[in-house]
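*Asks:* Input input.csv, format and content: CSV, C-alpha atoms and all ligand atoms.
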```csv
chain,number,residue,atom,x,y,z
A,320,MET,CA,82.3,103.9,72.9
A,321,THR,CA,80.3,100.7,72.2
A,322,SER,CA,82.2,98.0,74.0
A,323,THR,CA,80.3,94.9,75.1
A,324,ALA,CA,81.0,92.3,77.7
A,325,GLN,CA,82.3,90.0,75.0
A,326,GLU,CA,84.9,92.5,74.0
A,327,LEU,CA,86.3,92.7,77.5
A,328,HIS,CA,88.6,89.7,77.2
A,329,PRO,CA,90.7,88.5,74.4
A,330,ALA,CA,89.9,85.0,73.3
A,331,PRO,CA,92.4,82.8,75.2
A,332,THR,CA,95.2,81.6,73.0
A,333,LEU,CA,95.5,78.3,74.9
A,334,GLU,CA,93.1,75.5,75.5
A,335,PRO,CA,92.1,74.9,79.1
A,336,GLY,CA,94.4,72.5,80.8
A,337,ARG,CA,97.5,73.6,78.8
A,338,THR,CA,100.3,75.3,80.7
A,339,ILE,CA,100.1,79.1,80.4
A,340,LEU,CA,102.6,80.2,83.0
A,341,GLU,CA,105.5,78.3,84.4
A,342,LEU,CA,107.9,79.2,87.3
A,343,LYS,CA,111.4,77.7,87.2
A,344,GLY,CA,113.5,78.2,90.3
A,345,LEU,CA,111.8,81.5,91.0
A,346,GLU,CA,113.5,83.0,94.0
A,347,LYS,CA,113.3,86.2,96.0
A,348,ARG,CA,115.6,87.5,98.7
A,349,TYR,CA,114.9,90.7,100.5
A,350,PRO,CA,117.7,92.1,102.7
A,351,GLY,CA,117.6,89.8,105.7
A,352,THR,CA,114.8,87.6,104.4
A,353,HIS,CA,114.8,84.7,102.0
A,354,ALA,CA,111.1,85.3,101.2
A,355,LEU,CA,110.8,82.8,98.3
A,356,LYS,CA,113.1,79.8,98.0
A,357,PRO,CA,113.4,78.5,94.4
A,358,VAL,CA,109.9,77.6,93.4
A,359,ASP,CA,108.9,75.4,90.4
A,360,LEU,CA,105.2,75.5,89.5
A,361,ALA,CA,103.1,75.4,86.4
A,362,PHE,CA,99.7,77.1,86.1
A,363,LYS,CA,97.2,75.7,83.6
A,364,ALA,CA,95.0,77.8,81.4
A,365,ALA,CA,91.6,78.6,82.8
A,366,GLU,CA,92.2,77.0,86.2
A,367,ILE,CA,91.5,78.5,89.6
A,368,HIS,CA,94.7,77.9,91.5
A,369,ALA,CA,94.6,78.7,95.2
A,370,ILE,CA,97.7,79.5,97.1
A,371,VAL,CA,97.7,79.1,100.9
A,372,GLY,CA,100.2,79.5,103.6
A,373,GLU,CA,100.7,81.2,107.0
A,374,ASN,CA,101.5,84.9,107.4
A,375,GLY,CA,104.9,85.6,105.9
A,376,ALA,CA,105.0,82.4,103.9
A,377,GLY,CA,105.8,84.3,100.7
A,378,LYS,CA,102.4,84.5,99.0
A,379,SER,CA,102.4,88.2,98.3
A,380,THR,CA,106.0,88.1,97.3
A,381,LEU,CA,105.3,85.6,94.6
A,382,ILE,CA,102.5,87.8,93.3
A,383,LYS,CA,104.8,90.9,93.3
A,384,LEU,CA,107.3,89.0,91.2
A,385,LEU,CA,104.6,87.9,88.7
A,386,THR,CA,103.2,91.3,88.3
A,387,GLY,CA,106.5,93.1,87.9
A,388,VAL,CA,106.1,95.1,91.1
A,389,MET,CA,109.4,93.6,92.5
A,390,PRO,CA,112.4,92.2,90.7
A,391,ARG,CA,113.2,88.5,91.2
A,392,THR,CA,116.5,87.4,92.6
A,393,SER,CA,116.8,84.5,90.3
A,394,GLY,CA,114.8,82.0,88.3
A,395,GLU,CA,112.7,82.1,85.2
A,396,VAL,CA,109.1,82.9,84.4
A,397,ILE,CA,107.8,81.3,81.2
A,398,TRP,CA,104.7,82.8,79.8
A,399,GLU,CA,103.0,81.0,76.9
A,400,GLY,CA,106.2,79.2,76.3
A,401,LYS,CA,108.5,82.2,76.3
A,402,ALA,CA,110.8,83.4,79.1
A,403,GLU,CA,109.8,86.9,80.2
A,404,ALA,CA,111.6,89.4,82.3
A,405,LEU,CA,108.5,90.9,84.0
A,406,ALA,CA,110.6,93.9,85.1
A,407,THR,CA,107.8,96.4,85.3
A,408,PRO,CA,104.0,96.2,86.1
A,409,HIS,CA,103.5,97.6,82.6
A,410,GLU,CA,105.3,94.6,81.1
A,411,ALA,CA,103.1,92.2,83.1
A,412,MET,CA,99.9,94.0,82.1
A,413,ALA,CA,100.9,94.0,78.5
A,414,LEU,CA,101.1,90.2,78.6
A,415,GLY,CA,97.7,90.0,80.3
A,416,ILE,CA,98.8,89.5,83.9
A,417,ASN,CA,96.9,91.6,86.4
A,418,ALA,CA,96.4,91.5,90.1
A,419,VAL,CA,93.9,92.7,92.8
A,420,HIS,CA,96.4,93.3,95.6
A,421,GLN,CA,95.9,92.7,99.3
A,422,GLU,CA,95.5,96.4,100.1
A,423,VAL,CA,93.6,98.6,97.6
A,424,VAL,CA,96.2,100.5,95.6
A,425,LEU,CA,93.8,102.7,93.6
A,426,CYS,CA,93.2,106.4,93.9
A,427,ARG,CA,90.6,107.3,96.5
A,428,HIS,CA,90.3,110.9,95.3
A,429,LEU,CA,89.3,109.9,91.8
A,430,THR,CA,85.9,108.6,90.7
A,431,VAL,CA,85.2,104.9,90.5
A,432,ALA,CA,85.0,105.3,86.7
A,433,ALA,CA,88.4,107.1,86.5
A,434,ASN,CA,89.9,104.4,88.6
A,435,MET,CA,88.6,101.7,86.3
A,436,PHE,CA,90.2,103.3,83.3
A,437,LEU,CA,93.2,104.7,85.1
A,438,GLY,CA,96.2,105.1,82.7
A,439,GLU,CA,94.0,104.8,79.6
A,440,GLU,CA,91.4,107.5,80.1
A,441,ASN,CA,92.7,109.7,77.4
A,442,SER,CA,93.4,107.1,74.8
A,443,ARG,CA,90.0,105.5,75.4
A,444,PHE,CA,87.8,108.5,75.9
A,445,GLY,CA,89.6,111.7,75.0
A,446,LEU,CA,90.3,114.4,77.5
A,447,LEU,CA,86.9,115.8,78.3
A,448,GLN,CA,84.7,112.7,77.9
A,449,GLN,CA,84.0,112.3,81.6
A,450,ARG,CA,80.4,111.4,81.0
A,451,ALA,CA,81.2,108.8,78.4
A,452,MET,CA,83.7,107.2,80.8
A,453,VAL,CA,81.2,107.1,83.7
A,454,LYS,CA,78.6,105.6,81.5
A,455,GLU,CA,81.0,102.9,80.2
A,456,ALA,CA,82.2,102.1,83.7
A,457,GLN,CA,78.7,101.8,85.0
A,458,LYS,CA,77.8,99.4,82.2
A,459,ILE,CA,80.7,97.2,83.1
A,460,ILE,CA,79.9,97.3,86.8
A,461,ASP,CA,76.3,96.5,86.1
A,462,GLY,CA,77.3,93.7,83.8
A,463,LEU,CA,79.3,92.1,86.6
A,464,GLY,CA,76.3,92.3,88.9
A,465,PHE,CA,77.9,94.7,91.3
A,466,ASP,CA,75.4,97.2,92.8
A,467,LEU,CA,77.8,100.1,92.8
A,468,PRO,CA,77.8,103.7,91.4
A,469,ALA,CA,80.5,104.7,88.9
A,470,HIS,CA,80.3,108.4,89.4
A,471,VAL,CA,81.2,108.7,93.1
A,472,MET,CA,84.7,109.1,94.6
A,473,LEU,CA,86.3,105.7,95.2
A,474,GLY,CA,87.1,106.8,98.8
A,475,ASP,CA,83.4,107.1,99.5
A,476,LEU,CA,83.0,103.3,99.1
A,477,THR,CA,83.7,100.8,101.8
A,478,ILE,CA,87.0,98.9,101.5
A,479,GLY,CA,85.1,95.8,100.4
A,480,GLN,CA,83.4,97.8,97.6
A,481,GLN,CA,86.8,99.2,96.6
A,482,GLN,CA,88.1,95.7,96.3
A,483,LEU,CA,85.2,94.8,93.9
A,484,ILE,CA,86.1,97.8,91.8
A,485,ALA,CA,89.7,96.7,91.7
A,486,ALA,CA,88.4,93.3,90.4
A,487,ALA,CA,86.1,95.0,87.9
A,488,ARG,CA,89.1,97.1,86.7
A,489,ALA,CA,91.2,94.1,86.0
A,490,THR,CA,88.5,92.7,83.7
A,491,VAL,CA,88.7,95.7,81.3
A,492,ARG,CA,92.3,95.4,80.4
A,493,GLY,CA,92.6,92.2,78.4
A,494,THR,CA,93.4,90.1,81.4
A,495,LYS,CA,94.4,86.4,80.7
A,496,PHE,CA,95.9,85.8,84.1
A,497,LEU,CA,94.3,87.4,87.2
A,498,ILE,CA,95.7,87.2,90.7
A,499,PHE,CA,93.6,87.9,93.8
A,500,ASP,CA,95.5,88.4,97.1
A,501,GLU,CA,93.2,87.8,100.0
A,502,PRO,CA,90.3,89.5,98.3
A,503,THR,CA,87.6,88.7,100.7
A,504,ALA,CA,89.2,90.0,103.9
A,505,TYR,CA,87.0,93.1,103.9
A,506,LEU,CA,84.0,91.8,102.0
A,507,THR,CA,80.5,91.0,103.3
A,508,ARG,CA,79.2,87.6,102.5
A,509,LYS,CA,77.0,89.1,99.7
A,510,GLU,CA,80.0,90.9,98.2
A,511,ALA,CA,82.1,87.8,98.4
A,512,ASP,CA,79.4,85.9,96.5
A,513,GLN,CA,79.4,88.6,93.8
A,514,LEU,CA,83.2,88.3,93.6
A,515,PHE,CA,83.0,84.5,93.3
A,516,LYS,CA,80.5,84.8,90.5
A,517,LEU,CA,82.9,87.1,88.7
A,518,ILE,CA,85.8,84.7,89.3
A,519,ARG,CA,83.9,81.8,87.9
A,520,ARG,CA,82.7,83.8,84.9
A,521,LEU,CA,86.3,84.8,84.1
A,522,LYS,CA,87.4,81.2,84.4
A,523,GLY,CA,84.6,80.3,81.9
A,524,GLU,CA,86.0,82.9,79.6
A,525,GLY,CA,89.4,81.2,79.7
A,526,VAL,CA,91.1,83.4,82.3
A,527,THR,CA,93.5,81.7,84.7
A,528,ILE,CA,93.1,82.7,88.3
A,529,ILE,CA,95.4,82.6,91.3
A,530,TYR,CA,93.4,82.9,94.5
A,531,ILE,CA,95.3,83.6,97.7
A,532,SER,CA,93.3,83.1,100.9
A,533,HIS,CA,93.5,82.1,104.5
A,534,ARG,CA,89.9,80.9,104.4
A,535,MET,CA,89.8,77.2,103.7
A,536,GLU,CA,86.1,77.1,102.9
A,537,GLU,CA,86.7,79.5,100.0
A,538,VAL,CA,89.6,77.4,98.7
A,539,PHE,CA,87.4,74.4,98.6
A,540,GLU,CA,84.5,76.3,97.2
A,541,LEU,CA,86.4,77.9,94.3
A,542,ALA,CA,89.7,76.3,93.5
A,543,ASP,CA,90.6,73.5,91.0
A,544,ARG,CA,94.1,73.1,92.5
A,545,VAL,CA,95.8,74.4,95.6
A,546,SER,CA,99.5,75.0,96.3
A,547,VAL,CA,100.9,75.4,99.8
A,548,LEU,CA,103.8,77.7,100.7
A,549,ARG,CA,105.7,77.4,104.0
A,550,ASP,CA,108.5,79.7,104.9
A,551,GLY,CA,109.1,80.6,101.2
A,552,THR,CA,109.1,76.9,100.1
A,553,LEU,CA,106.5,75.3,97.9
A,554,VAL,CA,105.6,72.3,100.0
A,555,GLY,CA,102.9,70.8,97.8
A,556,THR,CA,100.3,71.1,95.0
A,557,ARG,CA,97.1,69.1,95.2
A,558,THR,CA,93.9,69.0,93.2
A,559,ILE,CA,91.0,70.0,95.4
A,560,ALA,CA,89.4,66.6,94.9
A,561,GLU,CA,92.4,64.7,96.3
A,562,THR,CA,93.1,66.9,99.4
A,563,SER,CA,91.4,67.9,102.6
A,564,GLU,CA,91.5,70.8,105.1
A,565,PRO,CA,93.5,68.9,107.7
A,566,GLU,CA,96.0,67.9,105.0
A,567,LEU,CA,96.4,71.5,103.9
A,568,VAL,CA,96.7,72.8,107.4
A,569,LYS,CA,99.4,70.2,108.1
A,570,LEU,CA,101.3,71.2,105.0
A,571,MET,CA,101.0,74.9,105.9
A,572,ILE,CA,102.4,74.6,109.4
A,573,ASN,CA,104.2,71.2,109.4
A,574,ARG,CA,102.2,70.1,112.5
A,575,SER,CA,98.8,68.6,113.0
A,576,ILE,CA,95.9,70.7,114.2
A,577,GLU,CA,96.0,69.1,117.7
A,578,GLN,CA,99.5,70.3,118.2
A,579,ILE,CA,98.6,73.9,117.3
A,580,TYR,CA,95.8,74.5,119.7
A,581,HIS,CA,97.8,73.8,122.8
A,582,LYS,CA,96.1,75.7,125.7
A,583,GLU,CA,98.2,77.2,128.5
A,584,HIS,CA,96.5,77.4,131.8
A,585,PHE,CA,95.6,81.0,132.5
A,586,THR,CA,94.3,82.9,135.5
A,587,PRO,CA,92.8,86.2,134.4
A,588,GLY,CA,93.5,89.3,136.5
A,589,ALA,CA,91.0,92.0,137.7
A,590,PRO,CA,88.4,93.4,135.2
A,591,ILE,CA,89.9,96.2,133.1
A,592,VAL,CA,87.0,97.1,130.9
A,593,GLU,CA,83.4,96.2,131.2
A,594,THR,CA,80.3,97.2,129.2
A,595,ARG,CA,76.8,96.8,130.6
A,596,ASN,CA,74.0,96.8,128.1
A,597,LEU,CA,76.0,99.0,125.8
A,598,SER,CA,74.0,100.0,122.7
A,599,GLY,CA,74.9,102.2,119.7
A,600,LYS,CA,74.7,102.3,115.9
A,601,GLY,CA,74.6,98.7,114.7
A,602,PHE,CA,74.6,96.9,118.1
A,603,GLU,CA,72.4,96.6,121.1
A,604,ASN,CA,72.7,95.5,124.8
A,605,VAL,CA,76.3,94.2,124.7
A,606,SER,CA,77.7,93.3,128.1
A,607,VAL,CA,81.3,92.1,128.1
A,608,THR,CA,84.0,92.0,130.8
A,609,VAL,CA,87.6,91.9,129.8
A,610,HIS,CA,90.1,91.0,132.5
A,611,ALA,CA,93.8,91.9,132.7
A,612,GLY,CA,96.0,89.7,130.5
A,613,GLU,CA,93.0,88.3,128.7
A,614,ILE,CA,92.4,88.1,124.9
A,615,VAL,CA,88.6,88.1,124.1
A,616,GLY,CA,87.4,87.2,120.6
A,617,LEU,CA,84.4,89.0,119.1
A,618,TYR,CA,83.0,86.6,116.6
A,619,GLY,CA,80.4,87.4,113.9
A,620,LEU,CA,79.9,88.1,110.2
A,621,ILE,CA,80.8,91.4,108.6
A,622,GLY,CA,77.9,93.7,109.4
A,623,ALA,CA,77.2,92.0,112.7
A,624,GLY,CA,78.2,95.1,114.7
A,625,ARG,CA,81.7,94.1,116.0
A,626,SER,CA,83.6,97.1,114.7
A,627,GLU,CA,80.8,99.5,115.7
A,628,PHE,CA,80.9,98.1,119.3
A,629,VAL,CA,84.7,98.5,119.5
A,630,THR,CA,84.8,102.0,117.9
A,631,THR,CA,82.0,103.1,120.3
A,632,LEU,CA,83.9,101.7,123.3
A,633,TYR,CA,86.8,103.7,121.9
A,634,GLY,CA,84.8,106.9,121.8
A,635,ARG,CA,84.8,107.3,118.1
A,636,HIS,CA,81.0,106.9,118.0
A,637,ARG,CA,78.4,107.9,120.6
A,638,LYS,CA,76.7,105.2,122.6
A,639,SER,CA,72.9,105.4,122.7
A,640,ALA,CA,72.5,103.5,125.9
A,641,GLY,CA,74.4,101.5,128.5
A,642,GLN,CA,77.5,102.0,130.6
A,643,ILE,CA,81.2,101.6,130.3
A,644,PHE,CA,83.4,100.7,133.3
A,645,TRP,CA,87.2,101.1,133.4
A,646,GLN,CA,89.0,99.3,136.2
A,647,GLY,CA,85.7,99.1,138.1
A,648,LYS,CA,84.7,102.7,137.8
A,649,GLU,CA,82.0,104.0,135.4
A,650,VAL,CA,83.6,106.3,132.8
A,651,GLN,CA,82.3,108.5,130.0
A,652,VAL,CA,84.2,107.9,126.8
A,653,ASN,CA,83.0,110.7,124.5
A,654,SER,CA,86.0,110.9,122.3
A,655,GLU,CA,89.1,108.9,121.2
A,656,HIS,CA,91.0,111.3,123.3
A,657,ASP,CA,89.1,110.1,126.4
A,658,ALA,CA,89.9,106.5,125.5
A,659,ILE,CA,93.6,107.1,125.0
A,660,ARG,CA,93.8,109.0,128.3
A,661,LEU,CA,92.3,105.9,130.1
A,662,GLY,CA,95.0,103.8,128.4
A,663,MET,CA,93.1,102.2,125.6
A,664,ALA,CA,94.6,101.7,122.1
A,665,LEU,CA,92.8,100.7,118.9
A,666,ALA,CA,94.4,98.7,116.1
A,667,PRO,CA,91.9,99.3,113.3
A,668,GLU,CA,90.7,96.9,110.7
A,669,SER,CA,92.1,98.9,107.8
A,670,ARG,CA,95.6,100.0,108.5
A,671,ARG,CA,95.7,102.1,105.3
A,672,ASP,CA,92.5,104.1,105.9
A,673,GLN,CA,92.0,104.1,109.6
A,674,GLY,CA,95.5,103.8,111.0
A,675,LEU,CA,98.0,106.6,111.5
R,1,LIG,N1,109.7,94.7,101.1
R,1,LIG,C1,110.1,93.8,101.9
R,1,LIG,N2,111.4,93.9,102.5
R,1,LIG,C2,111.8,93.0,103.3
R,1,LIG,N3,111.2,91.9,103.7
R,1,LIG,C3,109.9,91.7,103.2
R,1,LIG,C4,109.4,92.7,102.3
R,1,LIG,N4,108.1,92.2,101.9
R,1,LIG,C5,107.9,91.1,102.6
R,1,LIG,N5,109.0,90.8,103.3
R,1,LIG,C6,109.2,89.6,104.2
R,1,LIG,O1,109.1,88.4,103.3
R,1,LIG,C7,108.4,87.4,103.9
R,1,LIG,C8,107.3,87.0,103.0
R,1,LIG,O2,106.3,88.0,103.0
R,1,LIG,P1,105.0,88.0,102.2
R,1,LIG,O3,104.4,89.4,102.3
R,1,LIG,O4,105.3,87.5,100.8
R,1,LIG,O5,104.1,87.0,103.0
R,1,LIG,P2,102.6,86.5,102.8
R,1,LIG,O6,102.6,85.0,102.6
R,1,LIG,O7,101.9,87.3,101.7
R,1,LIG,O8,102.0,86.9,104.2
R,1,LIG,P3,100.5,87.4,104.6
R,1,LIG,O9,99.6,86.2,104.7
R,1,LIG,O10,100.7,88.0,106.0
R,1,LIG,O11,100.0,88.4,103.6
R,1,LIG,C9,108.0,87.9,105.3
R,1,LIG,O12,109.0,87.4,106.2
R,1,LIG,C10,108.1,89.3,105.1
R,1,LIG,O13,108.3,90.0,106.4
R,2,MG,MG,100.4,88.7,101.8
```
If you convert what's in this file into C-alpha cells, what do you get?
*Replies:*
Amino acid sequence: MTSTAQELHPAPTLEPGRTILELKGLEKRYPGTHALKPVDLAFKAAEIHAIVGENGAGKSTLIKLLTGVMPRTSGEVIWEGKAEALATPHEAMALGINAVHQEVVLCRHLTVAANMFLGEENSRFGLLQQRAMVKEAQKIIDGLGFDLPAHVMLGDLTIGQQQLIAAARATVRGTKFLIFDEPTAYLTRKEADQLFKLIRRLKGEGVTIIYISHRMEEVFELADRVSVLRDGTLVGTRTIAETSEPELVKLMINRSIEQIYHKEHFTPGAPIVETRNLSGKGFENVSVTVHAGEIVGLYGLIGAGRSEFVTTLYGRHRKSAGQIFWQGKEVQVNSEHDAIRLGMALAPESRRDQGL
C-alpha cells in the first residue's frame, strides 16, 4: 500500500464558492416532536459553515438526515445539482458526505487502525494484513499531526483522542463534505488546536465543512458563515464578518443576553458537603463548601483537575490528603458505594462510557 496524503481526497469537482449541497424544505418529524421545520439552505464548496442553536434546536437531526442515518419526513437534498435520496449512511458516504458524530460511534474493542479502515479492511489490505493496516493508519495519523498510536485498542484512548481518530477516519474515505457535531466537547486545548488545523487543511483541499458548536469563540475562529437554528427553524445565516456574538445569541434564543441571566434571590441552606484541603491525583488543597439547594460551578480547562476532584469526592479515586465532611460530620468515602450510601449521585462527563 503506497497511499500518500495527496491521494486521501479526490480533487473537488466544484470551484470554491459554488453551491455543493442544497436543502429545499428539508423537514423531520419524530413522533411527538417537529425537530426540523422545513429548512432551505445552500452550502458552498470549501466553506466552513457553522451551525449553532440551543440544546434540542435540531442540529444533530439535520446531520442525521444529511448522512442517511435517519429518513427525512419531506423536502429535497440536492447534491452537486442532483436530488439525492440519502436513504442510508452508505449512500451518503458514496457521495463523499461523512460525519464525526457528537458521541463516538466507533468500535472500542478494535484497534485504532481497524477503526480507521472499518468496512474496507479486506478490500484494502486483504484478510491477514494487520501490520500493513497499522502502518498505513499510523502514517495517516502522523501526517495529520496527531500524536496517537495506531496499534492500540480504541477504547484505551481518551474520549477526546477517539474523536480525533473519528476525524482522521473521515479523511481516508474520499470525503468532500464533512460534518463535525460538537467535536471539541471532550478535547483538550491542544487536541482542539490539532483538530482545527485538520479542518483548515481539509478546507484548503476543497472539502466543505459543517461545524456544529456551542462555543462561540470556535465559531468565530473557524467559520466562514454561520447558520442559526431555533426550535427546528433556520432563523438566519450570516457571514462571520457581518455578525457578532450578541447577534448570534439573540437569534438562538430570541431574547437578549440581559434577559437570560436573570438572577433569582436565593438563600442557601445548611452545608451538605464540604472538602478541606482535599488532594488527590491531579488536584491539591481544594476546599469547597456546597450548601443545600445550591449549584456550584467548577471552572477550568480540560486537565485542570475538575473531574478528578469530583470522582475523588465520589470515592472512585483515593484522596491523598484532606478531609470530606457530609452534613457537618467528617466521613470516609473510600468507594462509590460509600458515596451512594451517603446520598450522593454522579452524572459523569461521558454518558456512553462512564454512565450506566
Ligand atoms: N430519535 C428521536 N426520537 C424522538 N425525538 C427526538 C429524537 N432525536 C431527537 N429528538 C428530539 O428532536 C429535537 C431536536 O433534537 P436534536 O438532537 O436534533 O437537537 P440538537 O440541536 O442536536 O441538540 P444538542 O445541542 O443538545 O445536541 C429535540 O426536541 C429532541 O428531543
Ligand atoms: Mg446534538
*Asks:* What is the distance between atom CA of A:Gly601 and atom CA of A:Glu627, in Å to one decimal?
*Replies:* 6.3 Å
*Asks:* Which residue gives the smallest distance to A:Val652 among A:Leu665, A:Leu632, A:Ala487, A:Leu345, with all atoms listed in the file counted?
*Replies:*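 For A:Val652, the nearest of the given residues is A:Leu632.
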*Asks:* Measuring atom to atom with all atoms listed in the file, identify which of A:Gly555, A:Pro565, A:Gly647, A:Pro408 is nearest to A:Met389.
*Replies:* A:Pro408
*Asks:* With distances taken over all atoms listed in the file, which of A:Ile643, A:Leu473, A:Ile370, A:Ala361 is nearest to ligand MG 2 (chain R)?
*Replies:*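 The closest residue to ligand MG 2 (chain R) is A:Ile370.
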*Asks:* Could you give me, as JSON lines, every stretch 360-464 of chain A residue with an atom at most 8 Å from stretch 510-526 of chain A, plus its closest atom pair and distance in Å to one decimal, counting all atoms listed in the file, rows ordered by chain then number?
*Replies:*
```
{"residue": "A:Ala364", "atom": "CA", "partner": "A:Gly525", "partner_atom": "CA", "distance": 6.8}
{"residue": "A:Ala365", "atom": "CA", "partner": "A:Gly525", "partner_atom": "CA", "distance": 4.6}
{"residue": "A:Glu366", "atom": "CA", "partner": "A:Lys522", "partner_atom": "CA", "distance": 6.6}
{"residue": "A:Ile367", "atom": "CA", "partner": "A:Lys522", "partner_atom": "CA", "distance": 7.2}
{"residue": "A:Leu463", "atom": "CA", "partner": "A:Leu517", "partner_atom": "CA", "distance": 6.5}
{"residue": "A:Gly464", "atom": "CA", "partner": "A:Gln513", "partner_atom": "CA", "distance": 6.9}
```
*Asks:* Per residue of chain A within 7 Å of ligand LIG 1 (chain R), record the nearest atom pair and its distance in Å to one decimal, counting all atoms listed in the file, with rows in chain order and ascending residue number, as a Markdown table.
*Replies:*
```
| residue | atom | partner | partner_atom | distance |
| --- | --- | --- | --- | --- |
| A:Tyr349 | CA | R:LIG1 | C2 | 4.8 |
| A:Pro350 | CA | R:LIG1 | C2 | 6.0 |
| A:Thr352 | CA | R:LIG1 | N3 | 5.7 |
| A:His353 | CA | R:LIG1 | O1 | 6.9 |
| A:Ala354 | CA | R:LIG1 | O1 | 4.2 |
| A:Gly372 | CA | R:LIG1 | O6 | 6.1 |
| A:Glu373 | CA | R:LIG1 | O9 | 5.6 |
| A:Asn374 | CA | R:LIG1 | O10 | 3.5 |
| A:Gly375 | CA | R:LIG1 | O5 | 3.3 |
| A:Ala376 | CA | R:LIG1 | O6 | 3.8 |
| A:Gly377 | CA | R:LIG1 | O4 | 3.2 |
| A:Lys378 | CA | R:LIG1 | O6 | 3.6 |
| A:Ser379 | CA | R:LIG1 | O7 | 3.6 |
| A:Thr380 | CA | R:LIG1 | O4 | 3.6 |
| A:Leu381 | CA | R:LIG1 | O4 | 6.5 |
| A:Gly551 | CA | R:LIG1 | C8 | 6.9 |
```
*Asks:* In Å, how far is it from atom CA of A:Ala451 to atom CA of A:Ala432?
*Replies:*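 Answer for the atom CA of A:Ala451 to atom CA of A:Ala432 separation: 9.8 Å.
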*Asks:* What's the separation between atom CA of A:Tyr633 and atom CA of A:His533, in Å to one decimal place?
*Replies:*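 Calculated distance between atom CA of A:Tyr633 and atom CA of A:His533 is 28.5 Å.
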*Asks:* Which residue out of A:Ile478, A:Ile659, A:Leu340, A:Val371 has the minimum interatomic distance to A:Met535 when all atoms listed in the file are used?
*Replies:*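 Among the listed residues, A:Val371 lies closest to A:Met535.
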*Asks:* Taking (108.8, 93.2, 83.7) in the coordinates of the supplied file, I want to know which residues reach to within 10 Å of it, counting all atoms listed in the file; could you give the answer as a PyMOL selection string?
*Replies:* chain A and resi 384-391+403-414
*Asks:* Nearest to ligand MG 2 (chain R) among A:Arg635, A:Lys356, A:Lys363, A:His420, with distances taken over only C-alpha atoms and all ligand atoms: which residue is it?
*Replies:* A:His420
*Asks:* The residues within 10 Å of (88.0, 74.9, 102.1), using all atoms listed in the file and the coordinates of the file, should be reported as a PyMOL selection string; which are they?
*Replies:* chain A and resi 532-542+559+562-565+567
*Asks:* When you count all atoms listed in the file, which of these residues is closest to A:Ile528: A:Val592, A:Val419, A:Val396, A:Val607?
*Replies:*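 Closest candidate: A:Val419.
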*Asks:* For A:Asp359, find every residue with an atom within 9 Å (counting only C-alpha atoms), except residues of its own chain fewer than 4 positions away, and show them as a ChimeraX atom specification.
*Replies:* /A:341-345,553
*Asks:* Would you pick out the contacts of A:Glu501 at 7 Å or less, using all atoms listed in the file, so that residues sharing its chain but fewer than 2 positions from it are not included, and give the list as an mmCIF file with C-alpha atoms, in the frame of the given file?
*Replies:*
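around.cif, written as the output of this step:
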```cif
data_model
loop_
_atom_site.group_PDB
_atom_site.id
_atom_site.type_symbol
_atom_site.label_atom_id
_atom_site.label_comp_id
_atom_site.auth_asym_id
_atom_site.auth_seq_id
_atom_site.Cartn_x
_atom_site.Cartn_y
_atom_site.Cartn_z
ATOM 1 C CA GLN A 421 95.900 92.700 99.300
ATOM 2 C CA PHE A 499 93.600 87.900 93.800
ATOM 3 C CA THR A 503 87.600 88.700 100.700
ATOM 4 C CA ALA A 504 89.200 90.000 103.900
ATOM 5 C CA ILE A 531 95.300 83.600 97.700
ATOM 6 C CA SER A 532 93.300 83.100 100.900
#
```
